[in-house]
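Structure, as structure tokens:
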Amino acid sequence: MTRIYTVYKGELGGKLVYIGTTIQKPADRFRWHKANGKDLKFTVLKQFESADDMLDEEFRLINLHKPKMNKIKHRKQNLNVKLTAADLDRRKGSGEWCQRCLRRRVNAGYSFCLRCN
Ligand SMILES: [Zn+2]
């Protein structure tokens, strides 16, 4: 089965307040947000066949709209930065970092980054 990479938006009172990405079924992801207190009107914007295309579009839209609920812009991460074993060790068990590569941040609710998933 081909994986689908989705970019979606969340609106509040007709105003765009959030841009998100998911590799889950969008309806499942939207339900997860609502269960976690993000009760927005969600709409799928675009779907891609690669994580890179999806993340490029997310980055473009976040910069274009600067939605108020997007806090971290984790597209242009510097993956060349030298990390010591201790740095990586500190990321183990953290909800913020991919638990497989320990190099990329994860979307809330995920354990692995979109490349390791
Ligand atoms: Zn990873």
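Just remember, in the structure tokens the first chain shown is A, the second B, etc., residues are 1-based per chain, and ligands are 1-based in the order shown.
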Surrounding residues of Leu12 (chain A) excluding itself and chain neighbours under 2 positions, 9 Å, only C-alpha atoms, as a list of chain:residue names
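Everything that qualifies: A:Gly10, A:Gly14, A:Lys15, A:Leu16, A:Val17, A:Tyr18, A:Asp39, A:Leu40, A:Lys41.
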Mind writing the picked residues with N, CA and C atoms as a PDB file, in the first residue's frame?
```pdb
ATOM      1  N   GLY A  10      -6.205  23.816  10.129  1.00  0.00           N
ATOM      2  CA  GLY A  10      -7.206  23.901  11.170  1.00  0.00           C
ATOM      3  C   GLY A  10      -7.675  25.349  11.276  1.00  0.00           C
ATOM      4  N   GLY A  14     -13.391  30.521  11.295  1.00  0.00           N
ATOM      5  CA  GLY A  14     -13.126  30.893   9.910  1.00  0.00           C
ATOM      6  C   GLY A  14     -11.719  31.398   9.644  1.00  0.00           C
ATOM      7  N   LYS A  15     -10.892  31.429  10.689  1.00  0.00           N
ATOM      8  CA  LYS A  15      -9.528  31.925  10.534  1.00  0.00           C
ATOM      9  C   LYS A  15      -8.535  30.767  10.624  1.00  0.00           C
ATOM     10  N   LEU A  16      -7.583  30.759   9.705  1.00  0.00           N
ATOM     11  CA  LEU A  16      -6.581  29.695   9.703  1.00  0.00           C
ATOM     12  C   LEU A  16      -5.647  29.863  10.904  1.00  0.00           C
ATOM     13  N   VAL A  17      -5.627  28.849  11.782  1.00  0.00           N
ATOM     14  CA  VAL A  17      -4.789  28.979  12.978  1.00  0.00           C
ATOM     15  C   VAL A  17      -3.757  27.857  13.084  1.00  0.00           C
ATOM     16  N   TYR A  18      -3.840  26.868  12.192  1.00  0.00           N
ATOM     17  CA  TYR A  18      -2.934  25.738  12.329  1.00  0.00           C
ATOM     18  C   TYR A  18      -2.704  25.040  10.992  1.00  0.00           C
ATOM     19  N   ASP A  39      -9.741  21.712  19.236  1.00  0.00           N
ATOM     20  CA  ASP A  39     -11.052  21.532  18.626  1.00  0.00           C
ATOM     21  C   ASP A  39     -11.245  22.542  17.502  1.00  0.00           C
ATOM     22  N   LEU A  40     -10.650  22.228  16.362  1.00  0.00           N
ATOM     23  CA  LEU A  40     -10.706  23.137  15.217  1.00  0.00           C
ATOM     24  C   LEU A  40     -11.505  22.493  14.102  1.00  0.00           C
ATOM     25  N   LYS A  41     -11.785  23.291  13.085  1.00  0.00           N
ATOM     26  CA  LYS A  41     -12.372  22.737  11.874  1.00  0.00           C
ATOM     27  C   LYS A  41     -11.203  22.357  10.965  1.00  0.00           C
TER      28      LYS A  41
END
```
8 Å from ligand 1 is the threshold here; counting only C-alpha atoms and all ligand atoms, which polymer residues fall inside it? Answer as a ChimeraX atom specification.
/A:97-106,112-117
Considering only C-alpha atoms, return as a PyMOL selection string whatever protein or nucleic-acid residues lie within 7 Å of region 19-33 of chain A, sequence-local ones (same chain, fewer than 2 positions apart) excluded.
chain A and resi 4-10+35-39+42+58+62+67+70
Writer output for current selection, N, CA and C atoms, as a tab-separated table (two decimals), in the first residue's frame:
```
chain	number	residue	atom	x	y	z
A	4	ILE	N	0.30	7.74	2.10
A	4	ILE	CA	-0.17	9.07	1.71
A	4	ILE	C	0.29	10.09	2.75
A	5	TYR	N	0.86	11.16	2.26
A	5	TYR	CA	1.37	12.21	3.13
A	5	TYR	C	0.46	13.43	2.99
A	6	THR	N	-0.15	13.80	4.09
A	6	THR	CA	-1.21	14.81	4.05
A	6	THR	C	-0.80	16.11	4.74
A	7	VAL	N	-1.11	17.21	4.09
A	7	VAL	CA	-1.02	18.53	4.73
A	7	VAL	C	-2.44	19.02	4.96
A	8	TYR	N	-2.71	19.49	6.17
A	8	TYR	CA	-4.07	19.94	6.46
A	8	TYR	C	-4.03	21.26	7.23
A	9	LYS	N	-5.20	21.89	7.27
A	9	LYS	CA	-5.29	23.13	8.03
A	9	LYS	C	-6.35	23.00	9.11
A	10	GLY	N	-6.21	23.82	10.13
A	10	GLY	CA	-7.21	23.90	11.17
A	10	GLY	C	-7.68	25.35	11.28
A	35	ALA	N	-9.41	15.10	20.62
A	35	ALA	CA	-9.26	14.44	21.91
A	35	ALA	C	-8.19	15.12	22.76
A	36	ASN	N	-7.27	15.81	22.12
A	36	ASN	CA	-6.20	16.49	22.84
A	36	ASN	C	-6.43	17.99	22.94
A	37	GLY	N	-7.66	18.37	22.80
A	37	GLY	CA	-8.02	19.76	23.10
A	37	GLY	C	-7.91	20.73	21.94
A	38	LYS	N	-7.52	20.24	20.76
A	38	LYS	CA	-7.44	21.15	19.62
A	38	LYS	C	-8.72	20.99	18.80
A	39	ASP	N	-9.74	21.71	19.24
A	39	ASP	CA	-11.05	21.53	18.63
A	39	ASP	C	-11.25	22.54	17.50
A	42	PHE	N	-11.00	21.05	10.78
A	42	PHE	CA	-9.85	20.58	10.01
A	42	PHE	C	-10.24	20.28	8.57
A	58	GLU	N	4.27	22.11	4.00
A	58	GLU	CA	3.98	22.56	5.36
A	58	GLU	C	4.79	23.80	5.69
A	62	ILE	N	3.27	27.47	6.52
A	62	ILE	CA	3.48	28.06	7.84
A	62	ILE	C	4.12	29.44	7.70
A	67	PRO	N	0.42	30.69	11.13
A	67	PRO	CA	-0.73	30.36	11.98
A	67	PRO	C	-0.34	30.41	13.45
A	70	ASN	N	0.94	27.17	15.37
A	70	ASN	CA	2.18	26.49	14.99
A	70	ASN	C	3.33	27.12	15.75
```
Among chain A, which residues carry a DSSP assignment of strand (DSSP E or B), reported as an MDAnalysis selection string?
chainID A and resid 5:12 15:22 41:48 97 105
What is the distance between CA of Lys71 (chain A) and CA of Ala108 (chain A), in Å to one decimal?
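We find that CA of Lys71 (chain A) and CA of Ala108 (chain A) lie 11.6 Å from each other.
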